[in-house]
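Okay, input34.cif now, which holds mmCIF, C-alpha atoms:
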data_coords
loop_
_atom_site.label_atom_id
_atom_site.label_comp_id
_atom_site.auth_asym_id
_atom_site.auth_seq_id
_atom_site.Cartn_x
_atom_site.Cartn_y
_atom_site.Cartn_z
CA MET H 1 -24.40 26.36 139.75
CA ASN H 2 -22.77 28.04 136.80
CA TYR H 3 -23.16 26.75 133.25
CA LEU H 4 -19.60 25.42 132.88
CA LEU H 5 -19.74 23.40 136.08
CA ARG H 6 -23.15 22.00 135.14
CA LEU H 7 -21.81 21.05 131.71
CA ILE H 8 -18.84 19.19 133.23
CA ILE H 9 -20.97 17.30 135.76
CA CYS H 10 -23.60 16.35 133.16
CA SER H 11 -20.92 15.17 130.72
CA ILE H 12 -19.39 12.89 133.37
CA LEU H 13 -22.76 11.46 134.43
CA LEU H 14 -23.97 10.93 130.86
CA GLY H 15 -20.71 9.27 129.87
CA PHE H 16 -21.07 6.86 132.77
CA PHE H 17 -24.72 6.22 131.95
CA PHE H 18 -24.12 5.50 128.27
CA SER H 19 -21.15 3.23 129.04
CA CYS H 20 -23.23 1.14 131.43
CA VAL H 21 -26.23 0.60 129.15
CA LYS H 22 -26.01 -2.53 127.06
CA LYS H 23 -27.95 -2.79 123.85
CA ASP H 24 -31.07 -4.94 123.91
CA GLU H 25 -30.45 -7.11 120.86
CA GLY H 26 -33.15 -6.83 118.23
CA LYS H 27 -34.32 -3.40 119.36
CA LEU H 28 -33.45 0.00 117.94
CA ARG H 29 -31.70 2.31 120.38
CA LEU H 30 -33.56 5.63 120.68
CA ILE H 31 -32.49 8.66 122.69
CA VAL H 32 -34.99 11.43 123.44
CA LEU H 33 -33.56 14.95 123.80
CA THR H 34 -35.61 17.05 126.20
CA GLY H 35 -35.32 19.19 129.32
CA THR H 36 -36.90 22.46 128.18
CA ASN H 37 -39.74 23.40 125.86
CA ASN H 38 -42.61 25.89 125.73
CA HIS H 39 -44.92 22.88 126.01
CA ASP H 40 -45.38 20.30 128.77
CA TRP H 41 -42.21 18.39 127.90
CA LYS H 42 -42.31 16.27 131.05
CA ALA H 43 -45.75 14.88 130.25
CA THR H 44 -45.08 14.37 126.53
CA THR H 45 -41.71 12.72 127.19
CA LYS H 46 -43.39 10.29 129.58
CA GLN H 47 -46.00 9.52 126.94
CA LEU H 48 -43.29 9.02 124.29
CA LYS H 49 -41.44 6.54 126.51
CA THR H 50 -44.63 4.56 127.03
CA MET H 51 -45.44 4.53 123.32
CA TYR H 52 -42.00 3.41 122.18
CA ASN H 53 -41.57 0.84 124.93
CA GLU H 54 -44.99 -0.70 124.30
CA SER H 55 -44.20 -1.06 120.60
CA GLY H 56 -41.50 -3.62 121.46
CA ARG H 57 -39.29 -2.22 118.70
CA PHE H 58 -37.30 0.38 120.63
CA GLU H 59 -34.97 0.64 123.59
CA VAL H 60 -35.63 4.13 124.98
CA HIS H 61 -33.18 6.47 126.72
CA VAL H 62 -33.78 10.09 127.75
CA THR H 63 -31.48 13.02 128.40
CA GLU H 64 -32.48 16.40 129.79
CA SER H 65 -29.04 17.80 128.93
CA PRO H 66 -28.70 17.43 125.15
CA ASP H 67 -26.15 20.26 125.08
CA THR H 68 -23.61 17.95 126.75
CA LEU H 69 -23.63 15.38 123.94
CA GLY H 70 -21.21 15.01 121.05
CA TYR H 71 -20.77 12.73 118.06
CA ASN H 72 -19.40 9.85 120.15
CA ASP H 73 -22.57 9.94 122.26
CA PHE H 74 -25.01 10.19 119.35
CA LYS H 75 -23.39 7.32 117.43
CA LYS H 76 -24.32 4.89 120.23
CA PHE H 77 -27.94 5.21 119.12
CA ASP H 78 -29.87 4.21 116.01
CA VAL H 79 -32.10 7.26 116.13
CA VAL H 80 -32.32 10.60 117.97
CA LEU H 81 -35.68 12.23 118.78
CA SER H 82 -35.96 15.89 119.78
CA ASN H 83 -38.61 17.10 122.21
CA TRP H 84 -36.53 20.21 122.97
CA ASN H 85 -36.59 23.89 122.26
CA PRO H 86 -35.18 26.82 124.27
CA TRP H 87 -38.35 28.88 124.63
CA PRO H 88 -38.82 31.37 126.15
CA GLU H 89 -35.05 31.93 125.98
CA ASN H 90 -34.83 31.89 122.18
CA LYS H 91 -31.14 32.70 122.05
CA VAL H 92 -30.11 29.61 124.03
CA ASP H 93 -27.87 27.53 121.79
CA TRP H 94 -25.98 24.24 121.87
CA PRO H 95 -22.18 24.12 121.79
CA ASP H 96 -20.57 23.55 118.39
CA THR H 97 -19.46 20.09 119.55
CA THR H 98 -23.12 19.11 119.99
CA LYS H 99 -24.39 20.71 116.78
CA GLN H 100 -21.54 19.44 114.62
CA GLY H 101 -21.71 16.06 116.33
CA LEU H 102 -25.42 15.72 115.55
CA MET H 103 -24.96 16.60 111.89
CA LYS H 104 -21.98 14.26 111.54
CA TYR H 105 -24.07 11.52 113.14
CA ILE H 106 -26.92 12.04 110.66
CA GLU H 107 -24.63 12.35 107.64
CA SER H 108 -23.01 9.05 108.67
CA GLY H 109 -26.33 7.21 108.60
CA GLY H 110 -28.04 8.13 111.87
CA GLY H 111 -31.73 8.90 112.15
CA PHE H 112 -33.23 12.15 113.45
CA VAL H 113 -36.88 12.66 114.42
CA LEU H 114 -38.63 15.66 115.88
CA PHE H 115 -42.20 16.73 116.48
CA HIS H 116 -44.23 19.87 117.01
CA ALA H 117 -42.30 22.70 118.70
CA ALA H 118 -38.88 21.05 118.46
CA SER H 119 -38.44 22.94 115.18
CA ALA H 120 -38.79 26.29 116.97
CA ALA H 121 -35.09 26.52 117.77
CA PHE H 122 -31.67 27.51 116.39
CA TYR H 123 -32.88 30.30 114.12
CA ASP H 124 -29.33 31.05 113.00
CA TRP H 125 -28.49 27.38 112.31
CA LYS H 126 -29.27 27.15 108.61
CA GLU H 127 -28.23 23.50 108.32
CA PHE H 128 -30.74 22.49 111.01
CA HIS H 129 -33.65 24.17 109.23
CA GLU H 130 -32.67 22.80 105.84
CA LEU H 131 -32.59 19.31 107.35
CA ILE H 132 -36.09 19.56 108.83
CA GLY H 133 -37.75 21.03 105.75
CA GLY H 134 -40.27 23.28 107.46
CA THR H 135 -40.05 25.32 110.66
CA TRP H 136 -41.74 27.93 112.85
CA PHE H 137 -40.37 31.23 111.58
CA GLY H 138 -41.49 34.75 110.75
CA ARG H 139 -45.19 34.70 109.82
CA THR H 140 -45.86 31.24 111.23
CA ARG H 141 -48.80 31.09 113.64
CA HIS H 142 -51.54 28.81 114.89
CA GLY H 143 -55.16 29.01 115.96
CA LYS H 144 -57.06 27.19 118.67
CA ILE H 145 -56.79 23.43 119.10
CA THR H 146 -59.46 21.91 116.88
CA ASP H 147 -60.49 18.58 115.42
CA HIS H 148 -59.21 18.43 111.85
CA GLU H 149 -58.48 15.91 109.12
CA VAL H 150 -54.96 14.92 108.12
CA ILE H 151 -54.62 14.08 104.42
CA ILE H 152 -51.96 11.58 103.36
CA ASP H 153 -50.30 13.20 100.34
CA ASP H 154 -47.53 10.67 99.70
CA LYS H 155 -49.04 7.20 99.59
CA ASP H 156 -45.84 5.52 98.40
CA HIS H 157 -43.34 6.51 101.08
CA PRO H 158 -42.62 3.73 103.65
CA ILE H 159 -43.84 5.91 106.53
CA THR H 160 -47.29 6.53 105.08
CA LYS H 161 -47.75 3.65 102.63
CA GLY H 162 -51.07 1.93 103.21
CA LEU H 163 -52.32 4.54 105.69
CA SER H 164 -55.63 6.35 105.37
CA ASN H 165 -56.55 9.94 106.12
CA PHE H 166 -57.41 10.47 109.78
CA ARG H 167 -58.73 13.01 112.25
CA ILE H 168 -56.91 14.46 115.24
CA LYS H 169 -57.66 17.12 117.85
CA ASP H 170 -54.53 19.22 117.74
CA GLU H 171 -52.94 22.58 116.99
CA LEU H 172 -52.45 23.35 113.30
CA TRP H 173 -49.51 25.55 112.32
CA VAL H 174 -50.09 28.00 109.48
CA GLU H 175 -47.54 29.42 107.03
CA MET H 176 -44.48 27.57 108.21
CA LYS H 177 -41.22 28.49 106.52
CA LEU H 178 -40.64 25.71 103.98
CA GLN H 179 -37.22 24.79 102.63
CA ASP H 180 -36.53 23.91 99.00
CA SER H 181 -35.56 20.42 100.14
CA VAL H 182 -38.90 19.70 101.81
CA ASN H 183 -40.63 16.37 101.08
CA ILE H 184 -44.24 16.49 102.26
CA LEU H 185 -45.96 13.35 103.52
CA ALA H 186 -49.25 14.77 104.83
CA SER H 187 -51.17 18.02 105.14
CA SER H 188 -54.29 19.46 106.71
CA PHE H 189 -56.95 21.97 105.61
CA SER H 190 -56.42 25.51 106.89
CA LYS H 191 -58.99 27.72 105.13
CA LYS H 192 -60.44 28.73 101.79
CA ASP H 193 -58.48 31.23 99.71
CA ASN H 194 -60.07 34.21 97.96
CA ASN H 195 -61.01 31.96 95.04
CA GLY H 196 -62.72 29.39 97.23
CA ARG H 197 -59.92 26.85 96.95
CA ASP H 198 -58.74 24.79 99.91
CA MET H 199 -55.51 26.00 101.49
CA MET H 200 -53.56 23.08 102.90
CA GLU H 201 -50.82 23.23 105.52
CA PRO H 202 -48.12 20.53 105.44
CA VAL H 203 -47.88 18.65 108.74
CA MET H 204 -45.35 15.85 108.09
CA PHE H 205 -42.01 15.93 106.24
CA TRP H 206 -39.02 13.74 105.48
CA ASN H 207 -35.54 14.55 104.30
CA LEU H 208 -32.14 12.99 103.69
CA LYS H 209 -28.68 14.17 104.72
CA GLY H 210 -25.69 12.13 103.64
CA THR H 211 -26.73 8.56 104.37
CA GLY H 212 -28.99 9.63 107.24
CA ARG H 213 -32.71 10.33 107.39
CA CYS H 214 -34.91 12.93 109.11
CA PHE H 215 -38.64 12.76 109.88
CA TYR H 216 -40.60 15.73 111.24
CA ASN H 217 -44.18 15.57 112.53
CA VAL H 218 -45.59 19.06 113.11
CA LEU H 219 -48.50 17.63 115.12
CA GLY H 220 -48.28 16.72 118.81
CA HIS H 221 -49.11 19.77 120.94
CA ASN H 222 -50.05 17.86 124.09
CA VAL H 223 -50.57 14.40 125.59
CA GLU H 224 -54.09 14.16 124.16
CA ALA H 225 -52.67 14.52 120.65
CA LEU H 226 -49.90 12.00 121.41
CA GLU H 227 -52.54 9.47 122.49
CA ASN H 228 -54.21 9.58 119.07
CA GLU H 229 -53.73 6.10 117.60
CA HIS H 230 -52.98 7.41 114.12
CA TRP H 231 -50.40 9.87 115.47
CA LYS H 232 -48.72 7.05 117.35
CA LYS H 233 -48.65 4.77 114.33
CA ILE H 234 -47.04 7.41 112.13
CA MET H 235 -44.48 8.35 114.80
CA LEU H 236 -43.48 4.71 115.28
CA ARG H 237 -43.18 4.21 111.55
CA GLY H 238 -41.35 7.50 111.06
CA THR H 239 -38.88 6.73 113.83
CA GLU H 240 -38.11 3.27 112.51
CA TRP H 241 -37.69 4.64 109.00
CA ALA H 242 -35.30 7.31 110.27
CA ALA H 243 -33.28 4.61 112.01
CA THR H 244 -33.25 1.97 109.27
CA GLY H 245 -34.83 3.26 106.06
CA LYS H 246 -37.53 0.60 106.42
CA VAL H 247 -40.84 0.22 108.26
CA SER H 248 -42.28 -2.80 110.08
CA ASN H 249 -45.96 -3.62 110.41
CA PHE H 250 -46.91 -1.10 113.08
#
In C-alpha cells, what does this structure look like?
Amino acid sequence: MNYLLRLIICSILLGFFFSCVKKDEGKLRLIVLTGTNNHDWKATTKQLKTMYNESGRFEVHVTESPDTLGYNDFKKFDVVLSNWNPWPENKVDWPDTTKQGLMKYIESGGGFVLFHAASAAFYDWKEFHELIGGTWFGRTRHGKITDHEVIIDDKDHPITKGLSNFRIKDELWVEMKLQDSVNILASSFSKKDNNGRDMMEPVMFWNLKGTGRCFYNVLGHNVEALENEHWKKIMLRGTEWAATGKVSNF
C-alpha cells in the first residue's frame, strides 16, 4: 500500500475514532503518539497505558499513525505524549500539517510530553529541538544500562517539588545537545572530570511555548525502567503539569 493511500485511510479512521470518543468528565485526555521507534515501543506503550489508566487521572488514547494528525485532532486532547521516532529511517518526517498543527496546539495552551528516544527525531526541525531543551545529536552517546542515582536539581518546580533523589536501572545519555532555553529538573552522575569533579548529565527538562508546556524525561529505555515507582511518579506529575500547569498528589 503506497504512502498516500495509507495516509488517506488512516485519516478517515482516526477522524471517525476521535469523533466517537466522548470525554470522561474529570479526567485529562491524553493521546500517545507511537508506531515506530528504535526501542520496544509496543511494550512501553502498553506499560504507559497501564500506568496512566491506573492513576485515575487520565483518559488514554493511542495512535500508531501520528503523521495523519493535524491541529484539529490535537486540540481534542489536554496533553500529547510522544513515544515515537523514525529510527532506523532517520529522514522520515511528518507532513507540515502535522508539525505546524502540533506547534499551534502547544502555543495555544496544549501540553506536550516525551521520554527517552522520542527526542531522536526531526533533526532539521529547529523549533522541535528548541521546545524540548535537550536532544540526541552529534556527540551524544550512552553506555551500558546501570543502576544510578537521579538528583533532583529543581526542588521548587511543581513536577519535582517535595520529591527526593532516587535510584533507577536505566540507560544514561551523555553529552546531549542542550538548547539555550533548557530548564533542568534533574540530573545524574556521569563521571569525574580531569580535576576530580563530578560531571552531571541532565535527565529531565521543562519548557514553555506560548501558553503551552513541554516536559521531557530522558530516562525510560525499557519496561523495567518504566516500572520504577519514582519514574512513574515523575511522569504522572510531568504529564499533568504539561496539561494543566498544576500537579495533584501523585
Sorted by chain and rising residue number, which residues of stretch 208-250 of chain H lie within 12 Å of stretch 74-85 of chain H, and what are their closest atom pairs and distances in Å to one decimal, counting all atoms listed in the file, as JSON lines?
{"residue": "H:Gly212", "atom": "CA", "partner": "H:Val79", "partner_atom": "CA", "distance": 9.7}
{"residue": "H:Arg213", "atom": "CA", "partner": "H:Val79", "partner_atom": "CA", "distance": 9.3}
{"residue": "H:Cys214", "atom": "CA", "partner": "H:Val79", "partner_atom": "CA", "distance": 9.5}
{"residue": "H:Phe215", "atom": "CA", "partner": "H:Leu81", "partner_atom": "CA", "distance": 9.4}
{"residue": "H:Tyr216", "atom": "CA", "partner": "H:Leu81", "partner_atom": "CA", "distance": 9.7}
{"residue": "H:Asn217", "atom": "CA", "partner": "H:Ser82", "partner_atom": "CA", "distance": 11.0}
{"residue": "H:Val218", "atom": "CA", "partner": "H:Asn83", "partner_atom": "CA", "distance": 11.6}
{"residue": "H:Gly220", "atom": "CA", "partner": "H:Asn83", "partner_atom": "CA", "distance": 10.3}
{"residue": "H:His221", "atom": "CA", "partner": "H:Asn83", "partner_atom": "CA", "distance": 10.9}
{"residue": "H:Asn222", "atom": "CA", "partner": "H:Asn83", "partner_atom": "CA", "distance": 11.6}
{"residue": "H:Met235", "atom": "CA", "partner": "H:Leu81", "partner_atom": "CA", "distance": 10.4}
{"residue": "H:Leu236", "atom": "CA", "partner": "H:Leu81", "partner_atom": "CA", "distance": 11.4}
{"residue": "H:Gly238", "atom": "CA", "partner": "H:Val79", "partner_atom": "CA", "distance": 10.6}
{"residue": "H:Thr239", "atom": "CA", "partner": "H:Val79", "partner_atom": "CA", "distance": 7.2}
{"residue": "H:Glu240", "atom": "CA", "partner": "H:Val79", "partner_atom": "CA", "distance": 8.1}
{"residue": "H:Trp241", "atom": "CA", "partner": "H:Val79", "partner_atom": "CA", "distance": 9.4}
{"residue": "H:Ala242", "atom": "CA", "partner": "H:Val79", "partner_atom": "CA", "distance": 6.7}
{"residue": "H:Ala243", "atom": "CA", "partner": "H:Val79", "partner_atom": "CA", "distance": 5.0}
{"residue": "H:Thr244", "atom": "CA", "partner": "H:Asp78", "partner_atom": "CA", "distance": 7.9}
{"residue": "H:Gly245", "atom": "CA", "partner": "H:Asp78", "partner_atom": "CA", "distance": 11.2}
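Between atom CA of H:Glu227 and atom CA of H:Thr45 lies a distance of 12.2 Å.
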Given the file shown, enumerate the residues that the PyMOL selection byres ((chain H and resi 208) around 12) captures and present them as a PyMOL selection string. chain H and resi 103+106-113+130-133+181-183+205-207+209-216+241-243+245
Exactly which residues make up the result of the PyMOL selection byres ((chain H and resi 149) around 12) on this file, given as a VMD selection string? chain H and resid 146 to 148 150 to 152 164 to 172 186 to 190 200 to 203 219 230 to 231
Starting from the shown file, work through the PyMOL selection byres ((chain H and resi 119) around 8) and note down what comes out as an MDAnalysis selection string. chainID H and resid 85 114:118 120:121 129 132 134:136
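With all atoms listed in the file as the atoms that count, the residue of H:Asn38, H:Tyr123, H:Tyr71, H:Val32 with the shortest distance to H:Tyr52 is H:Val32.
Taking atom CA of H:Thr140 and atom CA of H:Asp124 as the two end points, the separation is 16.6 Å.
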Will you model N, CA and C atoms for stretch 153-183 of chain H and pass it back as an mmCIF file, in the coordinates of the input?
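Contents of the output file selection-v7.cif:
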data_model
loop_
_atom_site.group_PDB
_atom_site.id
_atom_site.type_symbol
_atom_site.label_atom_id
_atom_site.label_comp_id
_atom_site.auth_asym_id
_atom_site.auth_seq_id
_atom_site.Cartn_x
_atom_site.Cartn_y
_atom_site.Cartn_z
ATOM 1 N N ASP H 153 -50.633 12.735 101.691
ATOM 2 C CA ASP H 153 -50.300 13.200 100.340
ATOM 3 C C ASP H 153 -49.399 12.215 99.597
ATOM 4 N N ASP H 154 -48.467 11.615 100.306
ATOM 5 C CA ASP H 154 -47.530 10.670 99.700
ATOM 6 C C ASP H 154 -47.904 9.266 100.137
ATOM 7 N N LYS H 155 -48.558 8.535 99.257
ATOM 8 C CA LYS H 155 -49.040 7.200 99.590
ATOM 9 C C LYS H 155 -48.027 6.106 99.275
ATOM 10 N N ASP H 156 -46.851 6.498 98.786
ATOM 11 C CA ASP H 156 -45.840 5.520 98.400
ATOM 12 C C ASP H 156 -44.650 5.474 99.348
ATOM 13 N N HIS H 157 -44.477 6.499 100.165
ATOM 14 C CA HIS H 157 -43.340 6.510 101.080
ATOM 15 C C HIS H 157 -43.542 5.447 102.168
ATOM 16 N N PRO H 158 -42.479 4.785 102.622
ATOM 17 C CA PRO H 158 -42.620 3.730 103.650
ATOM 18 C C PRO H 158 -43.350 4.185 104.905
ATOM 19 N N ILE H 159 -43.193 5.445 105.302
ATOM 20 C CA ILE H 159 -43.840 5.910 106.530
ATOM 21 C C ILE H 159 -45.353 5.928 106.398
ATOM 22 N N THR H 160 -45.855 6.333 105.252
ATOM 23 C CA THR H 160 -47.290 6.530 105.080
ATOM 24 C C THR H 160 -47.953 5.520 104.145
ATOM 25 N N LYS H 161 -47.191 4.623 103.576
ATOM 26 C CA LYS H 161 -47.750 3.650 102.630
ATOM 27 C C LYS H 161 -48.819 2.795 103.309
ATOM 28 N N GLY H 162 -49.986 2.739 102.687
ATOM 29 C CA GLY H 162 -51.070 1.930 103.210
ATOM 30 C C GLY H 162 -51.910 2.612 104.269
ATOM 31 N N LEU H 163 -51.552 3.830 104.664
ATOM 32 C CA LEU H 163 -52.320 4.540 105.690
ATOM 33 C C LEU H 163 -53.423 5.368 105.064
ATOM 34 N N SER H 164 -54.489 5.557 105.837
ATOM 35 C CA SER H 164 -55.630 6.350 105.370
ATOM 36 C C SER H 164 -55.618 7.716 106.055
ATOM 37 N N ASN H 165 -56.365 8.646 105.469
ATOM 38 C CA ASN H 165 -56.550 9.940 106.120
ATOM 39 C C ASN H 165 -57.158 9.712 107.508
ATOM 40 N N PHE H 166 -56.889 10.646 108.423
ATOM 41 C CA PHE H 166 -57.410 10.470 109.780
ATOM 42 C C PHE H 166 -57.701 11.826 110.406
ATOM 43 N N ARG H 167 -58.397 11.791 111.527
ATOM 44 C CA ARG H 167 -58.730 13.010 112.250
ATOM 45 C C ARG H 167 -57.967 13.046 113.568
ATOM 46 N N ILE H 168 -57.630 14.275 113.992
ATOM 47 C CA ILE H 168 -56.910 14.460 115.240
ATOM 48 C C ILE H 168 -57.311 15.811 115.846
ATOM 49 N N LYS H 169 -57.412 15.857 117.160
ATOM 50 C CA LYS H 169 -57.660 17.120 117.850
ATOM 51 C C LYS H 169 -56.300 17.683 118.235
ATOM 52 N N ASP H 170 -55.898 18.746 117.570
ATOM 53 C CA ASP H 170 -54.530 19.220 117.740
ATOM 54 C C ASP H 170 -54.425 20.673 117.274
ATOM 55 N N GLU H 171 -53.245 21.214 117.405
ATOM 56 C CA GLU H 171 -52.940 22.580 116.990
ATOM 57 C C GLU H 171 -52.344 22.551 115.583
ATOM 58 N N LEU H 172 -52.928 23.313 114.680
ATOM 59 C CA LEU H 172 -52.450 23.350 113.300
ATOM 60 C C LEU H 172 -51.623 24.612 113.070
ATOM 61 N N TRP H 173 -50.380 24.414 112.643
ATOM 62 C CA TRP H 173 -49.510 25.550 112.320
ATOM 63 C C TRP H 173 -49.818 26.048 110.908
ATOM 64 N N VAL H 174 -49.759 27.369 110.754
ATOM 65 C CA VAL H 174 -50.090 28.000 109.480
ATOM 66 C C VAL H 174 -48.889 28.811 108.994
ATOM 67 N N GLU H 175 -48.608 28.694 107.698
ATOM 68 C CA GLU H 175 -47.540 29.420 107.030
ATOM 69 C C GLU H 175 -46.171 29.169 107.670
ATOM 70 N N MET H 176 -45.834 27.914 107.788
ATOM 71 C CA MET H 176 -44.480 27.570 108.210
ATOM 72 C C MET H 176 -43.498 27.992 107.117
ATOM 73 N N LYS H 177 -42.260 28.198 107.505
ATOM 74 C CA LYS H 177 -41.220 28.490 106.520
ATOM 75 C C LYS H 177 -40.747 27.165 105.938
ATOM 76 N N LEU H 178 -40.994 26.956 104.649
ATOM 77 C CA LEU H 178 -40.640 25.710 103.980
ATOM 78 C C LEU H 178 -39.315 25.859 103.240
ATOM 79 N N GLN H 179 -38.505 24.821 103.321
ATOM 80 C CA GLN H 179 -37.220 24.790 102.630
ATOM 81 C C GLN H 179 -37.395 24.183 101.237
ATOM 82 N N ASP H 180 -36.472 24.479 100.354
ATOM 83 C CA ASP H 180 -36.530 23.910 99.000
ATOM 84 C C ASP H 180 -36.425 22.396 99.028
ATOM 85 N N SER H 181 -35.794 21.863 100.060
ATOM 86 C CA SER H 181 -35.560 20.420 100.140
ATOM 87 C C SER H 181 -36.721 19.647 100.741
ATOM 88 N N VAL H 182 -37.812 20.343 101.080
ATOM 89 C CA VAL H 182 -38.900 19.700 101.810
ATOM 90 C C VAL H 182 -39.556 18.585 100.994
ATOM 91 N N ASN H 183 -39.882 17.485 101.674
ATOM 92 C CA ASN H 183 -40.630 16.370 101.080
ATOM 93 C C ASN H 183 -41.853 16.142 101.958
#
